[in-house]
>>> print(open('run33.pdb').read())   # PDB, C-alpha atoms
ATOM      1  CA  MET A  11     -20.382   9.142   5.891
ATOM      2  CA  HIS A  12     -21.409   7.090   8.896
ATOM      3  CA  SER A  13     -20.361   8.755  12.111
ATOM      4  CA  HIS A  14     -21.596   8.619  15.707
ATOM      5  CA  GLY A  15     -24.450   6.258  14.840
ATOM      6  CA  HIS A  16     -25.928   8.138  11.906
ATOM      7  CA  ASP A  17     -25.334   8.665   8.193
ATOM      8  CA  GLU A  18     -24.413  12.070   6.837
ATOM      9  CA  ILE A  19     -24.236  13.203   3.212
ATOM     10  CA  LEU A  20     -21.045  15.186   2.689
ATOM     11  CA  GLY A  21     -22.023  16.461  -0.752
ATOM     12  CA  THR A  22     -22.159  15.359  -4.368
ATOM     13  CA  ALA A  23     -18.869  14.229  -5.866
ATOM     14  CA  TYR A  24     -18.382  14.584  -9.622
ATOM     15  CA  ASN A  25     -14.905  13.045  -9.731
ATOM     16  CA  ASP A  26     -12.308  11.362  -7.529
ATOM     17  CA  HIS A  27     -10.843  14.722  -6.506
ATOM     18  CA  ASP A  28     -14.207  15.881  -5.098
ATOM     19  CA  LEU A  29     -14.464  12.690  -3.075
ATOM     20  CA  VAL A  30     -10.945  13.132  -1.707
ATOM     21  CA  VAL A  31     -11.773  16.723  -0.701
ATOM     22  CA  PHE A  32     -14.936  15.619   1.154
ATOM     23  CA  LEU A  33     -13.067  12.866   2.975
ATOM     24  CA  ALA A  34     -10.178  15.151   3.926
ATOM     25  CA  ALA A  35     -12.597  17.788   5.225
ATOM     26  CA  SER A  36     -14.263  15.154   7.399
ATOM     27  CA  GLY A  37     -10.915  14.275   8.987
ATOM     28  CA  VAL A  38      -9.887  11.178   7.031
ATOM     29  CA  GLN A  39      -6.094  10.908   6.951
ATOM     30  CA  ASP A  40      -4.644  10.219   3.456
ATOM     31  CA  PRO A  41      -8.027   9.951   1.684
ATOM     32  CA  ASP A  42      -6.408   9.107  -1.691
ATOM     33  CA  SER A  43      -5.270   5.789  -0.260
ATOM     34  CA  ILE A  44      -8.774   4.570   0.662
ATOM     35  CA  LEU A  45     -10.651   5.140  -2.603
ATOM     36  CA  ASP A  46     -10.308   1.457  -3.530
ATOM     37  CA  ASN A  47     -10.988   0.135  -0.026
ATOM     38  CA  ASP A  48     -14.501  -1.387   0.149
ATOM     39  CA  LEU A  49     -14.515  -0.916   3.917
ATOM     40  CA  TRP A  50     -14.382   2.868   3.427
ATOM     41  CA  ILE A  51     -16.034   3.608   0.073
ATOM     42  CA  GLU A  52     -19.299   2.214  -1.281
ATOM     43  CA  TRP A  53     -19.536   3.022  -4.973
ATOM     44  CA  ARG A  54     -23.115   3.270  -6.240
ATOM     45  CA  GLY A  55     -24.544   3.426  -9.742
ATOM     46  CA  SER A  56     -21.329   2.656 -11.620
ATOM     47  CA  PRO A  57     -17.965   0.961 -11.123
ATOM     48  CA  PRO A  58     -15.288   2.761  -9.074
ATOM     49  CA  HIS A  59     -13.701   5.838 -10.645
ATOM     50  CA  GLN A  60     -16.253   6.005 -13.495
ATOM     51  CA  TRP A  61     -18.108   9.272 -13.309
ATOM     52  CA  SER A  62     -20.965  10.349 -15.537
ATOM     53  CA  ALA A  63     -23.589  13.058 -15.582
ATOM     54  CA  ALA A  64     -26.551  12.323 -13.346
TER      55      ALA A  64
END
>>> encode(input="run33.pdb", output="structure tokens")
Amino acid sequence: MHSHGHDEILGTAYNDHDLVVFLAASGVQDPDSILDNDLWIEWRGSPPHQWSAA
């Protein structure tokens, strides 16, 4: 998360639900609705919503 001029790691997400929980805890309203919004979420390592073991 980028907030107040710096980046912060919220945790490691293992599925969409984990990501939604992190976003909600950081104050994002309706986090489910932004998972496909490139302005909010930068998916790394695989396409959106595809989770695999690290």
>>> atom_distance(input="run33.pdb", atom1="CA of His59 (chain A)", atom2="CA of Asp26 (chain A)")
6.5 Å
>>> residues_near_point(input="run33.pdb", point="(-18.6, 11.3, -8.9)", cutoff="12 Å", atoms="all atoms listed in the file", output="VMD selection string")
chain A and resid 21 to 32 45 52 to 64
>>> atom_distance(input="run33.pdb", atom1="CA of Ala35 (chain A)", atom2="CA of Ile51 (chain A)")
15.5 Å
>>> atom_distance(input="run33.pdb", atom1="CA of His12 (chain A)", atom2="CA of Asp48 (chain A)")
14.0 Å
>>> decode(input="run33.pdb", residues="region 17-61 of chain A", atoms="C-alpha atoms", output="mmCIF file, in the first residue's frame")
data_model
loop_
_atom_site.group_PDB
_atom_site.id
_atom_site.type_symbol
_atom_site.label_atom_id
_atom_site.label_comp_id
_atom_site.auth_asym_id
_atom_site.auth_seq_id
_atom_site.Cartn_x
_atom_site.Cartn_y
_atom_site.Cartn_z
ATOM 1 C CA ASP A 17 5.041 2.062 0.620
ATOM 2 C CA GLU A 18 3.863 -0.364 3.266
ATOM 3 C CA ILE A 19 3.501 -4.141 3.019
ATOM 4 C CA LEU A 20 0.176 -5.168 4.526
ATOM 5 C CA GLY A 21 0.963 -8.883 4.534
ATOM 6 C CA THR A 22 1.058 -11.875 2.220
ATOM 7 C CA ALA A 23 -2.197 -12.702 0.471
ATOM 8 C CA TYR A 24 -2.822 -16.309 -0.564
ATOM 9 C CA ASN A 25 -6.195 -15.685 -2.208
ATOM 10 C CA ASP A 26 -8.609 -12.898 -3.119
ATOM 11 C CA HIS A 27 -10.255 -13.060 0.309
ATOM 12 C CA ASP A 28 -6.930 -12.331 2.058
ATOM 13 C CA LEU A 29 -6.407 -9.324 -0.183
ATOM 14 C CA VAL A 30 -9.903 -8.021 0.546
ATOM 15 C CA VAL A 31 -9.276 -8.400 4.295
ATOM 16 C CA PHE A 32 -5.994 -6.440 4.083
ATOM 17 C CA LEU A 33 -7.625 -3.666 2.075
ATOM 18 C CA ALA A 34 -10.624 -3.440 4.404
ATOM 19 C CA ALA A 35 -8.339 -3.287 7.446
ATOM 20 C CA SER A 36 -6.442 -0.410 5.848
ATOM 21 C CA GLY A 37 -9.676 1.558 5.432
ATOM 22 C CA VAL A 38 -10.564 0.884 1.794
ATOM 23 C CA GLN A 39 -14.332 1.100 1.328
ATOM 24 C CA ASP A 40 -15.842 -1.842 -0.635
ATOM 25 C CA PRO A 41 -12.506 -3.576 -1.352
ATOM 26 C CA ASP A 42 -14.171 -6.344 -3.424
ATOM 27 C CA SER A 43 -15.048 -3.772 -6.064
ATOM 28 C CA ILE A 44 -11.447 -2.659 -6.700
ATOM 29 C CA LEU A 45 -9.711 -6.007 -7.242
ATOM 30 C CA ASP A 46 -9.846 -5.547 -11.026
ATOM 31 C CA ASN A 47 -8.975 -1.843 -10.974
ATOM 32 C CA ASP A 48 -5.368 -1.321 -12.160
ATOM 33 C CA LEU A 49 -5.269 2.029 -10.374
ATOM 34 C CA TRP A 50 -5.659 0.236 -7.025
ATOM 35 C CA ILE A 51 -4.162 -3.243 -7.452
ATOM 36 C CA GLU A 52 -0.857 -4.180 -9.077
ATOM 37 C CA TRP A 53 -0.787 -7.926 -9.631
ATOM 38 C CA ARG A 54 2.729 -9.382 -9.677
ATOM 39 C CA GLY A 55 4.036 -12.780 -10.713
ATOM 40 C CA SER A 56 0.821 -14.094 -12.259
ATOM 41 C CA PRO A 57 -2.411 -12.855 -13.827
ATOM 42 C CA PRO A 58 -5.134 -11.442 -11.547
ATOM 43 C CA HIS A 59 -6.962 -13.919 -9.316
ATOM 44 C CA GLN A 60 -4.515 -16.771 -10.053
ATOM 45 C CA TRP A 61 -2.869 -17.852 -6.849
#
